[in-house]
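Everything on this sheet refers to the single structure shown next.
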Protein chains: 2
Amino acid sequence: MNRFITTAVAAALATASVAGIAAPGPTVGWDDIANDDRTTGDVLSYGMGLKAQRYSTLATINRDNVASLHPAWSFSFGGEKQRGQEAQALVHNGVIYVTASYSRIFALDAKTGKQLWAYEQRLPDDIRPCCDVVNRGAAIYGNKIFFGTLDARVVALDKDTGKVVWNKKFGDHKVGYTMTGAPTLVKEKGGRVLLIHGSSGDEFGVVGWLFARDPETGEEVWARPLVEGHQGRRDGKPGTYTGNPKAPSWPDDKTSPTGKVQPWSQGGGAPWQSASFDPETNTIVIGAGNPAPWNGNLRTPVGGDPKKFDSLFTSGQAYVDATTGELKGFFQHTPNDTWDFSGNNEIVLFDYKDKNGKTIKAGAHADRNGFFFVTDTNKLASGSGYPNKPTSLIAAYPFVDGITWAKGFDLKTGRPIENEGQRPKQPAEGVDKGESVFVSPPFLGGKNWNPMSYNPETGLFYIAANHWGMDYWAEHLTYKPGSAYLGMGFRIKRLHDDHVGTLRALDPQTGKIVWEHKETFPLWAGTLTTAGGLVVTGTSNGYVKIFDAKDGKELWSFQTGSGVVSIPITWEQDGDQYIGIASGYGGAVPLWGGDMADLTKQVTQGGSFWVFKLPKRS
Amino acid sequence: MNRFITTAVAAALATASVAGIAAPGPTVGWDDIANDDRTTGDVLSYGMGLKAQRYSTLATINRDNVASLHPAWSFSFGGEKQRGQEAQALVHNGVIYVTASYSRIFALDAKTGKQLWAYEQRLPDDIRPCCDVVNRGAAIYGNKIFFGTLDARVVALDKDTGKVVWNKKFGDHKVGYTMTGAPTLVKEKGGRVLLIHGSSGDEFGVVGWLFARDPETGEEVWARPLVEGHQGRRDGKPGTYTGNPKAPSWPDDKTSPTGKVQPWSQGGGAPWQSASFDPETNTIVIGAGNPAPWNGNLRTPVGGDPKKFDSLFTSGQAYVDATTGELKGFFQHTPNDTWDFSGNNEIVLFDYKDKNGKTIKAGAHADRNGFFFVTDTNKLASGSGYPNKPTSLIAAYPFVDGITWAKGFDLKTGRPIENEGQRPKQPAEGVDKGESVFVSPPFLGGKNWNPMSYNPETGLFYIAANHWGMDYWAEHLTYKPGSAYLGMGFRIKRLHDDHVGTLRALDPQTGKIVWEHKETFPLWAGTLTTAGGLVVTGTSNGYVKIFDAKDGKELWSFQTGSGVVSIPITWEQDGDQYIGIASGYGGAVPLWGGDMADLTKQVTQGGSFWVFKLPKRS
């Protein structure tokens with residue numbers, strides 16, 4: 001090569017570097033995402049794999065050496081913006097992509113923590129996030145990073161420069177639409193890769209939607225509302241109705257222009273967490289949010305039987321055809337949910353062995369209602385008949401103590417066996433609030449959004465759960481756009497003196513709690529498990545903690561200085577295994593948590609990303 | 001003992017603990033403070049000793065093992081308040097007391113980082129900090145912690161509970177008075193312990209004051225203004241004048257009610273950093289700020305010789321009698337300072353050997369004007385005659401490259417040998433700005449506030465310095481209360497392509513730079529040196545770094561995620577040596593730094609305290 005040309009190229013590159021123009025890095029293909037659970041050098045999906053098991057095959061950090069783990073670096077999100085940091089980061093080609101509170105995203109050099117670029121959505125003043133200004137993570141595909149914003153947008157950025165490629169508004173933030181969950185990618189059976197994301201906003205009375213977009217342009221491919229009888233869209237045209245167009249699971253009201261009770265028009269069901277994906281059955285699996293309003297009396301005819309008005313398709317797990325956006329199957333965790341149990345928590349796909357030792361493709365879901373559900377995903381993904389398929393239930397185990405609202409589930413009908421008196425009654429006209437009932441779990445859930453993990457080696461699920469309850473009563477309610485749409489009052493209380501949080505290892509074959517670790521403060525961080533025999537999570541009082549996956553022994557902890565309510569990841573680079581997690585206290589507990597909000601007042605806010613590694617081998 | 005009584009006491013104590021009433025811990029006596037430089041289990045004074053040498057006799061962490069140093073914990077100051085964290089922490093009885101931006105202070109368990117209490121001054125909206133909302137540290141004595149606030153107060157808190165004991169306003173924050181420096185304690189020769197602190201606010205045109213207070217009550221014992229001819233106070237009564245009551249170092253103006261030019265009434269000289277103390281001579285040693293306004297033309301008669309109007313007692317080092325508050329001696333680093341060099345930087349007391357090998361009690365001071373001064377402190381503390389004593393100068397070495405404003409100092413007269421043309425000329429009437437002059441160092445200084453350290457074993461001073469300059473021009477000015485009072489315009493520029501910061505080891509006997517370490521970004525953190533042969537400091541791009549005190553080799557670094565512009569400390573507890581430092585970028589550079597502000601835009605804000613230790617010995 002002519003050395004003068006070489007020099008000229010070097011000079012040009014040097015200039016580009018000074019100007020901040022990054023050279024395009026390797027792109028992310030579908031196969032990279034599909035294999036995310038088997039590759040250790042990157043983290044390309046929320047859930048660390050399409051099945052969302054949050055399991056890593058890495059064992060460099062393990063039971064024997066984890067005691068010497070220490071921080072490699074930390075990064076401050078800055079900007080005098082703190083509050084809850086709930087993100088799971090992604091890692092690709094030596095770069096960490098992590099979202100932060102107030103709709104921010106940062107690209108960081110994974111080895112040094114050096115900021116490569118940052119993007120902050122300019123948020124209007126009238127956003128309506130119910131449960132803090134959090135963001136739970138981004139998606140990556142091709143040369144783009146995708147994340148949702150509090151003003152109800154999805155933004156695509158060039159992964160190398162942070163420049164905006166497209167920015168799509170999907171709902172009116174003024175009436176309550178917002179987005180806090182991480183988008184995900186699927187490849188539908190026709191070969192098209194789609195960006196999947198949901199809306200948030202159930203507390204403001206908006207209909208929840210699941211969207212599929214062209215990742216190149218952001219154009220909507222299909223959109224599926226999750227309130228029965230609402231009409232979807234496909235390829236820019238009106239599409240099919242969700243379930244029965246007459247919405248028999250919601251009461252009629254002949255005086256209404258829609259023919260249905262008013263709450264049906266605001267019905268909730270937002271799929272605000274992130275989807276798992278089963279390529280074999282071409283099925284997107286995602287939780288649907290609570291019905292709106294919370295108050296089930298308003299979604300039941302006066303004097304009617306609440307068991308006959310399930311408020312479909314809310315508070316359950318939804319199985320959506322990736323190609324068409326059709327709702328193929330649904331299992332409802334809480335029919336006619338009047339406790340805001342919602343159904344959003346992740347559905348982890350795993351292999352369940354039935355009594356005959358036969359492997360069944362199953363979904364595992366630890367619900368806010370306190371039950372751990374094992375469902376037959378092939379039945380739910382089959383696509384025939386009416387979507388609601390309660391008989392796809394395999395098992396429903398209580399995973400927390402002291403559940404008051406139901407004795408358990410009838411495995412034949414797939415429906416809960418409710419305890420009497422747990423549905424607060426509507427107050428009489430002229431009376432402000434109805435009689436208070438103590439309910440456990442409270443609406444904050446036996447487990448909330450913070451995802452569990454599954455370790456195929458131990459066969460256990462690791463659930464960051466909480467023991468608490470609520471005083472709960474009904475109130476009158478009128479819908480007003482942009483105002484809270486609950487119709488219930490509450491106060492969160494503790495169940496036990498010695499702990500609120502309980503990290504539990506659950507055997508999905510038996511429902512047995514194999515071990516538990518108690519925490520004084522509520523647990524609000526996701527878990528990660530590894531082939532090194534470890535379970536990683538964070539605590540609301542600032543620790544990152546690592547436990548033995550077999551027996552729950554606490555092997556290591558580090559104090560990050562603010563509450564940890566995010567999701568840990570792990571990856572390897574140049575032979576070293578790293579663990580990464582965001583720190584920064586916030587989320588729903590300090591805003592809605594009553595006695596638990598008071599308890600955690602002593603936790604300072606923060607906003608930083610932490611990376612841990614073992615000491616240099618000598 | 002009757003076991004029932006014991007049980008009752010235990011129950012009572014348990015109740016007290018639940019109610020957050022801490023048992024009173026051991027108090028801090030004067031001897032504890034006086035011996036601070038020799039005791040390793042605590043850090044009881046800003047400067048880590050009365051001499052402000054910032055030297056620790058600890059050698060557990062040393063050249064040989066520092067590579068394995070790692071974070072023990074971190075604490076987030078929280079509150080969606082970040083900006084500059086410039087504090088030096090204190091340590092007593094296993095508790096860290098650290099101040100933070102926006103006039104906050106935290107008490108933390110030194111081993112775990114757990115917050116014991118926090119206090120935040122409720123600040124009015126109309127505070128006027130010139131150079132970010134920083135605080136540089138607290139003082140401790142008896143059962144109290146003392147710190148200054150941005151609304152010009154000193155607050156005393158119970159060290160065990162954080163409850164306010166007293167809170168004294170010392171100036172009008174609306175006209176520019178504020179406080180950012182750490183108070184200190186002295187014991188005057190009469191046996192009375194006094195709390196010493198200064199005011200800030202030179203950029204707004206207020207007269208700088210040094211105060212002595214009763215630490216028990218906060219009552220003022222004496223107060224000394226640092227503009228010549230202003231009258232002090234003692235025991236609540238009008239006191240002596242500072243220097244000559246006629247103030248010959250400021251021009252007369254017979255048309256003015258004071259008889260002096262208007263700037264004399266607003267003259268600056270604020271002692272906004274912290275005092276050293278020499279108990280032998282009963283002398284408080286503290287730097288005095290720049291004259292106000294910056295523009296020296298306005299402090300010189302039209303057509304007069306600026307060398308004849310020194311604007312005393314500004315931009316120099318002041319020696320104040322601890323008992324009476326009299327100004328005994330003064331050495332001016334920059335007579336008639338027109339460059340905002342100020343004179344505030346710390347004066348480190350140390351033993352200087354003269355050419356005959358005789359030990360002289362000396363002061364070392366690295367000034368913003370680029371010169372490192374060695375002064376004879378016994379001469380300055382002698383208390384006889386007119387305070388201004390330029391002939392107390394022993395040596396004046398340039399400690400940065402490229403000084404433009406002066407060739408050096410005349411050791412006989414103790415005055416600078418100024419270069420012509422470096423004093424920007426006043427613009428003609430009707431012209432907005434005068435001719436621009438390039439000056440180095442710029443007003444941000446060869447070294448700014450960030451204190452240096454002195455290691456008696458190596459005999460070297462460790463100075464976090466910067467290489468930069470400014471385009472500088474004069475502007476017209478009218479005094480308006482609460483508005484900036486400068487009369488100068490500027491733009492900070494780099495001197496070298498490859499670095500701005502330069503950590504330098506200087507031999508005070510020769511002025512020789514024994515080693516230097518260059519940094520891309522400006523250095524704005526203090527230094528600490530230890531018997532382990534180490535120099536510790538922080539960098540504006542987020543690293544805590546440790547160097548070999550002998551040769552400057554970088555031995556260790558850790559990325560904290562935001563710029564480090566604070567002061568490291570070290571202490572031991574239960575056999576382990578700890579290093580503590582705050583992280584959080586801010587201070588004057590991002591606000592005033594021109595090209596350097598642009599350079600550091602990529603640094604995210606933060607607000608956290610970090611503690612480092614060696615791994616557990618196996």
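For the structure tokens, the naming scheme is as follows: chains receive sequential letters (A, B, ...) according to their order of presentation, residues are indexed from 1 within each chain, and ligands are indexed from 1 in presentation order.
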
**Message:** Taking only C-alpha atoms into account and nothing else, which residues of chain A lie no more than 6 Å away from chain B? Please answer as a list in words.
**Reply:**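 Every residue of chain A that passes the 6 Å test is in Trp73, Ser74, Phe75, Ser76, Gly78, Gly79, Glu80, Lys81, Gln82, Gln559, Thr560, Gly561, Ser562, Thr604, Gln605 and Gly606 of chain A.
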
File of the preceding selection, all heavy atoms, as a short mmCIF file (atom, residue, chain, number, x, y, z; two decimals), in the first residue's frame:
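As a result, again.cif now contains:
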data_model
loop_
_atom_site.label_atom_id
_atom_site.label_comp_id
_atom_site.auth_asym_id
_atom_site.auth_seq_id
_atom_site.Cartn_x
_atom_site.Cartn_y
_atom_site.Cartn_z
N TRP A 73 -15.76 -0.39 37.54
CA TRP A 73 -15.99 1.05 37.33
C TRP A 73 -17.44 1.35 37.63
O TRP A 73 -18.27 0.44 37.74
CB TRP A 73 -15.62 1.51 35.92
CG TRP A 73 -16.21 0.76 34.76
CD1 TRP A 73 -15.60 -0.23 34.04
CD2 TRP A 73 -17.52 0.93 34.18
NE1 TRP A 73 -16.45 -0.69 33.06
CE2 TRP A 73 -17.64 0.01 33.10
CE3 TRP A 73 -18.61 1.77 34.45
CZ2 TRP A 73 -18.78 -0.10 32.32
CZ3 TRP A 73 -19.75 1.67 33.66
CH2 TRP A 73 -19.83 0.74 32.60
N SER A 74 -17.74 2.63 37.73
CA SER A 74 -19.12 3.09 37.85
C SER A 74 -19.30 4.28 36.92
O SER A 74 -18.33 4.96 36.57
CB SER A 74 -19.41 3.49 39.30
OG SER A 74 -20.75 3.92 39.43
N PHE A 75 -20.53 4.49 36.49
CA PHE A 75 -20.84 5.63 35.62
C PHE A 75 -22.05 6.37 36.21
O PHE A 75 -23.02 5.73 36.61
CB PHE A 75 -21.17 5.14 34.21
CG PHE A 75 -21.68 6.23 33.30
CD1 PHE A 75 -20.80 7.12 32.71
CD2 PHE A 75 -23.05 6.38 33.06
CE1 PHE A 75 -21.27 8.15 31.90
CE2 PHE A 75 -23.53 7.40 32.25
CZ PHE A 75 -22.63 8.28 31.66
N SER A 76 -21.97 7.69 36.26
CA SER A 76 -23.08 8.49 36.79
C SER A 76 -23.95 8.98 35.64
O SER A 76 -23.45 9.56 34.68
CB SER A 76 -22.52 9.68 37.57
OG SER A 76 -23.56 10.58 37.89
N GLY A 78 -25.96 11.38 35.81
CA GLY A 78 -25.81 12.83 35.86
C GLY A 78 -27.08 13.63 35.66
O GLY A 78 -28.20 13.15 35.85
N GLY A 79 -26.86 14.91 35.29
CA GLY A 79 -27.95 15.77 34.87
C GLY A 79 -28.91 16.21 35.97
O GLY A 79 -30.00 16.68 35.66
N GLU A 80 -28.52 16.07 37.24
CA GLU A 80 -29.43 16.39 38.35
C GLU A 80 -30.79 15.71 38.13
O GLU A 80 -31.84 16.28 38.44
CB GLU A 80 -29.58 17.90 38.53
CG GLU A 80 -28.24 18.53 38.82
CD GLU A 80 -28.34 19.81 39.62
OE1 GLU A 80 -28.36 19.72 40.85
OE2 GLU A 80 -28.38 20.89 39.01
N LYS A 81 -30.74 14.51 37.57
CA LYS A 81 -31.95 13.70 37.40
C LYS A 81 -31.65 12.36 38.05
O LYS A 81 -30.70 11.68 37.66
CB LYS A 81 -32.26 13.51 35.92
CG LYS A 81 -32.66 14.79 35.22
CD LYS A 81 -33.16 14.49 33.81
CE LYS A 81 -33.95 15.64 33.24
NZ LYS A 81 -33.12 16.67 32.65
N GLN A 82 -32.44 11.98 39.04
CA GLN A 82 -32.15 10.72 39.68
C GLN A 82 -33.41 9.86 39.65
O GLN A 82 -33.80 9.40 38.61
CB GLN A 82 -31.60 10.96 41.09
CG GLN A 82 -30.27 11.74 41.02
CD GLN A 82 -29.50 11.72 42.32
OE1 GLN A 82 -30.02 11.61 43.40
NE2 GLN A 82 -28.19 11.82 42.20
N GLN A 559 -22.21 -2.31 48.61
CA GLN A 559 -23.11 -1.18 48.84
C GLN A 559 -22.86 -0.11 47.77
O GLN A 559 -21.79 0.48 47.71
CB GLN A 559 -22.84 -0.60 50.22
CG GLN A 559 -23.58 0.69 50.55
CD GLN A 559 -25.08 0.58 50.43
OE1 GLN A 559 -25.70 1.11 49.52
NE2 GLN A 559 -25.68 -0.16 51.37
N THR A 560 -23.89 0.14 46.93
CA THR A 560 -23.74 1.09 45.82
C THR A 560 -24.19 2.50 46.17
O THR A 560 -24.06 3.39 45.35
CB THR A 560 -24.58 0.65 44.61
OG1 THR A 560 -25.96 0.66 45.00
CG2 THR A 560 -24.19 -0.74 44.14
N GLY A 561 -24.76 2.68 47.35
CA GLY A 561 -25.05 4.04 47.80
C GLY A 561 -26.44 4.53 47.55
O GLY A 561 -26.84 5.54 48.11
N SER A 562 -27.22 3.88 46.70
CA SER A 562 -28.63 4.20 46.53
C SER A 562 -29.34 2.87 46.35
O SER A 562 -28.70 1.84 46.15
CB SER A 562 -28.84 5.10 45.32
OG SER A 562 -30.23 5.39 45.16
N THR A 604 -31.31 7.22 49.91
CA THR A 604 -31.09 8.37 49.03
C THR A 604 -31.26 7.95 47.57
O THR A 604 -31.02 6.80 47.21
CB THR A 604 -29.69 8.96 49.23
OG1 THR A 604 -28.72 7.92 49.10
CG2 THR A 604 -29.55 9.61 50.59
N GLN A 605 -31.67 8.90 46.76
CA GLN A 605 -31.77 8.64 45.32
C GLN A 605 -30.37 8.54 44.70
O GLN A 605 -29.37 8.96 45.29
CB GLN A 605 -32.53 9.78 44.63
CG GLN A 605 -33.99 9.84 45.02
CD GLN A 605 -34.74 10.91 44.27
OE1 GLN A 605 -34.25 11.44 43.27
NE2 GLN A 605 -35.92 11.24 44.74
N GLY A 606 -30.34 8.00 43.50
CA GLY A 606 -29.06 7.89 42.80
C GLY A 606 -29.31 7.69 41.33
O GLY A 606 -30.45 7.73 40.87
#

**Message:** Report as a ChimeraX atom specification all protein, DNA and RNA residues lying within 9 Å of range 362-365 of chain A, evaluated on only C-alpha atoms, omitting residues in the same chain fewer than 3 positions from it.
**Reply:** /A:285,317,343,345-352,359,371-378,394,452,461,508

**Request:** Assign secondary structure with DSSP using the backbone only, and return the residues of range 550-615 of chain A in strand (DSSP E or B) as a ChimeraX atom specification.
**Result:** /A:554-559,567,569-573,576-583,608-613

**Asked** Taking only C-alpha atoms into account, which of B:Ala275, B:Leu380, B:Ala525, B:Leu157 comes nearest Ala52 in chain B?
**Response**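 Looking only at the distances to Ala52 in chain B, the closest residue turns out to be B:Ala275.
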
**Request:** Could you please write out, as a PyMOL selection string, every residue of range 120-333 of chain B that DSSP assigns to alpha helix (DSSP H)?
**Result:** chain B and resi 262-265

**Message:** Could you list, as number ranges by chain, every residue within 9 Å of Pro215 in chain B, counting only C-alpha atoms and ignoring same-chain residues fewer than 4 positions away?
**Reply:** B: 141-142, 144, 146, 156, 185, 193-195, 219

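Taking CA of Tyr177 in chain B and CA of Cys131 in chain B as the two end points, the separation is 12.7 Å.
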
**Tyr472 in chain A surroundings by only C-alpha atoms, 12 Å radius, close-in-sequence under 4 positions cut, as a PyMOL selection string** = chain A and resi 294-295+338-340+405+421-426+433-443+486-493+594

Would you save the residues of that selection, restricted to N, CA and C atoms, as a CSV table (one decimal), in the first residue's frame?
chain,number,residue,atom,x,y,z
A,294,TRP,N,-59.6,0.3,38.6
A,294,TRP,CA,-59.3,-0.8,39.6
A,294,TRP,C,-60.6,-1.4,40.1
A,295,ASN,N,-61.5,-0.5,40.4
A,295,ASN,CA,-62.7,-0.9,41.1
A,295,ASN,C,-63.6,-1.8,40.3
A,338,THR,N,-60.0,-6.8,40.8
A,338,THR,CA,-60.4,-5.5,41.5
A,338,THR,C,-59.3,-5.1,42.5
A,339,TRP,N,-58.2,-5.7,42.4
A,339,TRP,CA,-57.1,-5.4,43.3
A,339,TRP,C,-55.8,-4.9,42.6
A,340,ASP,N,-56.0,-4.5,41.4
A,340,ASP,CA,-54.8,-4.0,40.6
A,340,ASP,C,-53.7,-5.1,40.6
A,405,TRP,N,-56.8,-13.2,49.2
A,405,TRP,CA,-57.9,-13.0,48.2
A,405,TRP,C,-58.4,-14.4,47.6
A,421,GLY,N,-65.6,-11.8,50.7
A,421,GLY,CA,-65.3,-10.6,51.4
A,421,GLY,C,-64.1,-9.8,51.0
A,422,GLN,N,-63.4,-10.3,50.0
A,422,GLN,CA,-62.1,-9.7,49.6
A,422,GLN,C,-62.3,-8.6,48.5
A,423,ARG,N,-63.5,-8.6,47.9
A,423,ARG,CA,-63.8,-7.6,46.9
A,423,ARG,C,-64.5,-6.4,47.6
A,424,PRO,N,-63.8,-5.3,47.9
A,424,PRO,CA,-64.4,-4.2,48.6
A,424,PRO,C,-65.7,-3.7,47.9
A,425,LYS,N,-66.7,-3.5,48.8
A,425,LYS,CA,-68.0,-3.1,48.2
A,425,LYS,C,-68.1,-1.6,47.9
A,426,GLN,N,-68.8,-1.3,46.9
A,426,GLN,CA,-69.0,0.1,46.5
A,426,GLN,C,-69.7,0.9,47.7
A,433,LYS,N,-66.2,6.6,51.2
A,433,LYS,CA,-65.5,5.4,51.0
A,433,LYS,C,-66.2,4.2,51.5
A,434,GLY,N,-66.0,3.1,50.9
A,434,GLY,CA,-66.7,1.9,51.3
A,434,GLY,C,-65.9,1.3,52.5
A,435,GLU,N,-66.4,0.1,53.0
A,435,GLU,CA,-65.7,-0.5,54.1
A,435,GLU,C,-64.4,-1.1,53.7
A,436,SER,N,-63.4,-0.9,54.6
A,436,SER,CA,-62.0,-1.3,54.3
A,436,SER,C,-61.8,-2.7,54.5
A,437,VAL,N,-61.1,-3.4,53.6
A,437,VAL,CA,-60.8,-4.8,53.7
A,437,VAL,C,-59.3,-4.9,53.7
A,438,PHE,N,-58.8,-5.9,54.5
A,438,PHE,CA,-57.3,-6.1,54.4
A,438,PHE,C,-57.1,-7.2,53.4
A,439,VAL,N,-56.2,-6.9,52.4
A,439,VAL,CA,-55.9,-7.8,51.3
A,439,VAL,C,-54.4,-8.0,51.2
A,440,SER,N,-54.0,-9.3,51.0
A,440,SER,CA,-52.6,-9.6,50.7
A,440,SER,C,-52.6,-10.6,49.7
A,441,PRO,N,-51.6,-10.5,48.7
A,441,PRO,CA,-50.7,-9.4,48.5
A,441,PRO,C,-51.5,-8.1,48.2
A,442,PRO,N,-50.9,-6.9,48.4
A,442,PRO,CA,-51.5,-5.7,48.0
A,442,PRO,C,-51.3,-5.5,46.5
A,443,PHE,N,-51.8,-4.4,46.0
A,443,PHE,CA,-51.6,-4.1,44.6
A,443,PHE,C,-50.2,-4.1,44.1
A,486,LEU,N,-59.0,5.0,39.3
A,486,LEU,CA,-58.8,3.9,40.2
A,486,LEU,C,-60.1,3.5,40.8
A,487,GLY,N,-60.8,4.4,41.5
A,487,GLY,CA,-62.0,4.1,42.2
A,487,GLY,C,-61.7,3.3,43.5
A,488,MET,N,-60.5,3.2,43.9
A,488,MET,CA,-60.1,2.5,45.1
A,488,MET,C,-59.2,3.4,46.0
A,489,GLY,N,-59.2,3.2,47.3
A,489,GLY,CA,-58.3,3.8,48.2
A,489,GLY,C,-57.5,2.7,48.9
A,490,PHE,N,-56.3,3.0,49.4
A,490,PHE,CA,-55.4,1.9,49.9
A,490,PHE,C,-54.4,2.5,50.9
A,491,ARG,N,-53.8,1.6,51.7
A,491,ARG,CA,-52.7,1.9,52.5
A,491,ARG,C,-51.9,0.6,52.6
A,492,ILE,N,-50.6,0.6,52.1
A,492,ILE,CA,-49.8,-0.6,52.1
A,492,ILE,C,-49.2,-0.8,53.6
A,493,LYS,N,-49.2,-2.0,54.0
A,493,LYS,CA,-48.8,-2.4,55.4
A,493,LYS,C,-47.9,-3.6,55.3
A,594,GLY,N,-47.1,3.5,51.0
A,594,GLY,CA,-47.6,3.7,52.4
A,594,GLY,C,-46.6,3.5,53.4

Test item: residues at most 8 Å from range 527-536 of chain B, only C-alpha atoms, excluding those fewer than 2 positions along its chain, as a compact mmCIF listing (two decimals) with C-alpha atoms, in the first residue's frame:
# COMPACT_ATOMS: atom_id res chain seq x y z
CA ARG B 54 -2.60 16.61 54.05
CA TYR B 55 -0.04 14.00 54.96
CA SER B 56 -0.88 10.74 56.68
CA THR B 57 1.60 8.55 58.52
CA LEU B 58 -0.38 5.49 57.41
CA ALA B 59 1.50 3.02 55.23
CA THR B 60 -0.79 -0.01 55.22
CA ILE B 61 -1.70 0.93 51.67
CA ASN B 62 1.61 1.48 49.93
CA ARG B 63 3.51 1.39 46.66
CA ASN B 450 -7.99 22.40 45.31
CA PRO B 451 -5.42 22.01 48.05
CA MET B 452 -1.92 20.62 47.63
CA SER B 453 -0.21 18.25 50.04
CA TYR B 454 3.27 18.07 51.53
CA ASN B 455 5.14 14.87 52.28
CA GLU B 457 9.57 12.14 53.80
CA TYR B 462 2.06 17.74 45.29
CA ILE B 463 0.15 20.31 43.28
CA ALA B 464 -2.80 19.59 41.00
CA ALA B 525 -9.21 17.88 43.07
CA GLY B 538 -9.00 12.78 41.38
CA VAL B 544 -9.44 8.50 41.48
CA LYS B 545 -5.74 8.02 40.83
CA ILE B 546 -2.79 7.10 43.00
CA PHE B 547 0.81 7.90 42.14
CA ASP B 548 4.22 7.02 43.50
CA ALA B 549 5.22 10.03 45.59
CA LYS B 550 8.84 9.64 44.52
CA ILE B 567 -10.27 16.20 48.42
CA PRO B 568 -9.16 12.68 49.38
CA ILE B 569 -8.67 11.60 52.96

**Request:** For Pro306 in chain B, work out the shell of residues within 12 Å, counting only C-alpha atoms and skipping chain neighbours fewer than 3 positions away, then give it as an NGL selection string.
**Result:** :B and (249-251 or 295-303 or 309-311 or 334-338 or 418 or 420 or 422-425)

**Message:** as a ChimeraX atom specification, please: the residues near Asp125 in chain B (cut-off 12 Å, only C-alpha atoms, same-chain neighbours under 6 positions excluded).
**Reply:** /B:102,150-151,173-174

Please produce a file of those selected residues containing C-alpha atoms, as a PDB file, in the first residue's frame.
ATOM      1  CA  TYR B 102     -26.555  22.655  47.797  1.00  0.00           C
ATOM      2  CA  LEU B 150     -24.819  29.137  50.403  1.00  0.00           C
ATOM      3  CA  ASP B 151     -27.182  31.597  52.074  1.00  0.00           C
ATOM      4  CA  HIS B 173     -26.884  36.556  50.577  1.00  0.00           C
ATOM      5  CA  LYS B 174     -28.852  38.825  48.250  1.00  0.00           C
TER       6      LYS B 174
END
